[in-house]
Amino acid sequence: MPLYTDMKKTFKLTLTAILCALAIALNFLEGQLPPMPFLPPGAKPGFSNIITMFAAGSLGFPQAVAIALVKGLFSFVTRGATAGIMSLSGGILSAIAMYFLMRFARTRLGLIGISVICALFHNLGQLAAAMFITSTSSIAYYAPALALFGIVTGAVTGVILRAVIPALEKIKKQTAELFQKSRKYQ
């Protein structure tokens, strides 16, 4: 395997690890928020999805799913099995949607539109997991509240993503520069 291919893989792995750390930090901070009225227990704004969406658009599908898996594992370890399952089900479904929308509809939908759609997919995945865990379809009554919440938080997340893309791109650029410098010493 050529050296360039190895460097590119190592760069993507390193940047994914940095983004995972950022997503975990945001996930942790969200966990400190108080419960929101009229929503199911554990409903959070989804700010860590900013990182997943950036990865889906700038690194690719495997990296976006890896971040969703790491966030789910973090939720499992810090908040228990139910939170982990809910995080994984919503996160993976949302990451799949993110990748395809970022790849094929970014110019038509924009970051805010994609973020809203992905928040709705995240909620859909979590509703499906909740129905599976509780063995009842009555959980579906939360759907309208979660849809409204998903639209609002998805829009906010999209606006924040648009604002922080320069900082995330800077992290990506600095990581690439470190790899270029290290290549000189090989």
# chains A, B, ... in the order shown; residues from 1 in each chain; ligands from 1
call {"tool": "residues_around", "arguments": {"residues": "A:Thr78", "least_positions_apart": "2", "cutoff": "12 Å", "atoms": "only C-alpha atoms", "output": "PDB file with C-alpha atoms, in the first residue's frame"}}
result
ATOM      1  CA  ILE A  24     -18.628  13.082  23.655  1.00  0.00           C
ATOM      2  CA  ASN A  27     -23.089  14.743  24.742  1.00  0.00           C
ATOM      3  CA  PHE A  28     -21.864  15.038  28.323  1.00  0.00           C
ATOM      4  CA  GLY A  31     -26.656  15.276  29.861  1.00  0.00           C
ATOM      5  CA  GLN A  32     -26.394  18.064  32.431  1.00  0.00           C
ATOM      6  CA  LYS A  71     -21.759   8.499  21.287  1.00  0.00           C
ATOM      7  CA  GLY A  72     -24.072   5.521  21.820  1.00  0.00           C
ATOM      8  CA  LEU A  73     -21.395   3.643  23.752  1.00  0.00           C
ATOM      9  CA  PHE A  74     -20.721   6.736  25.851  1.00  0.00           C
ATOM     10  CA  SER A  75     -24.446   7.012  26.643  1.00  0.00           C
ATOM     11  CA  PHE A  76     -24.539   3.325  27.514  1.00  0.00           C
ATOM     12  CA  GLY A  80     -27.316   2.973  31.186  1.00  0.00           C
ATOM     13  CA  ALA A  81     -28.525   0.432  28.656  1.00  0.00           C
ATOM     14  CA  THR A  82     -31.769   2.192  27.752  1.00  0.00           C
ATOM     15  CA  ALA A  83     -29.993   5.482  27.027  1.00  0.00           C
ATOM     16  CA  GLY A  84     -27.365   3.605  25.012  1.00  0.00           C
ATOM     17  CA  SER A  87     -28.709   6.891  21.381  1.00  0.00           C
TER      18      SER A  87
END
call {"tool": "residues_around", "arguments": {"residues": "A:Met86", "least_positions_apart": "4", "cutoff": "8 Å", "atoms": "only C-alpha atoms", "output": "PyMOL selection string"}}
result
chain A and resi 72+82+90+125-126+129-130
call {"tool": "write_last_selection", "arguments": {"atoms": "C-alpha atoms", "output": "mmCIF file, in the first residue's frame"}}
result
data_model
loop_
_atom_site.group_PDB
_atom_site.id
_atom_site.type_symbol
_atom_site.label_atom_id
_atom_site.label_comp_id
_atom_site.auth_asym_id
_atom_site.auth_seq_id
_atom_site.Cartn_x
_atom_site.Cartn_y
_atom_site.Cartn_z
ATOM 1 C CA GLY A 72 -24.072 5.521 21.820
ATOM 2 C CA THR A 82 -31.769 2.192 27.752
ATOM 3 C CA GLY A 90 -31.438 7.425 16.734
ATOM 4 C CA GLY A 125 -35.143 5.807 15.507
ATOM 5 C CA GLN A 126 -35.579 6.557 19.189
ATOM 6 C CA ALA A 129 -36.364 1.689 20.007
ATOM 7 C CA ALA A 130 -38.701 2.852 22.784
#
call {"tool": "atom_distance", "arguments": {"atom1": "atom CA of A:Ala21", "atom2": "atom CA of A:Ile85"}}
result
19.9 Å
call {"tool": "atom_distance", "arguments": {"atom1": "atom CA of A:Lys9", "atom2": "atom CA of A:Ser115"}}
result
27.3 Å
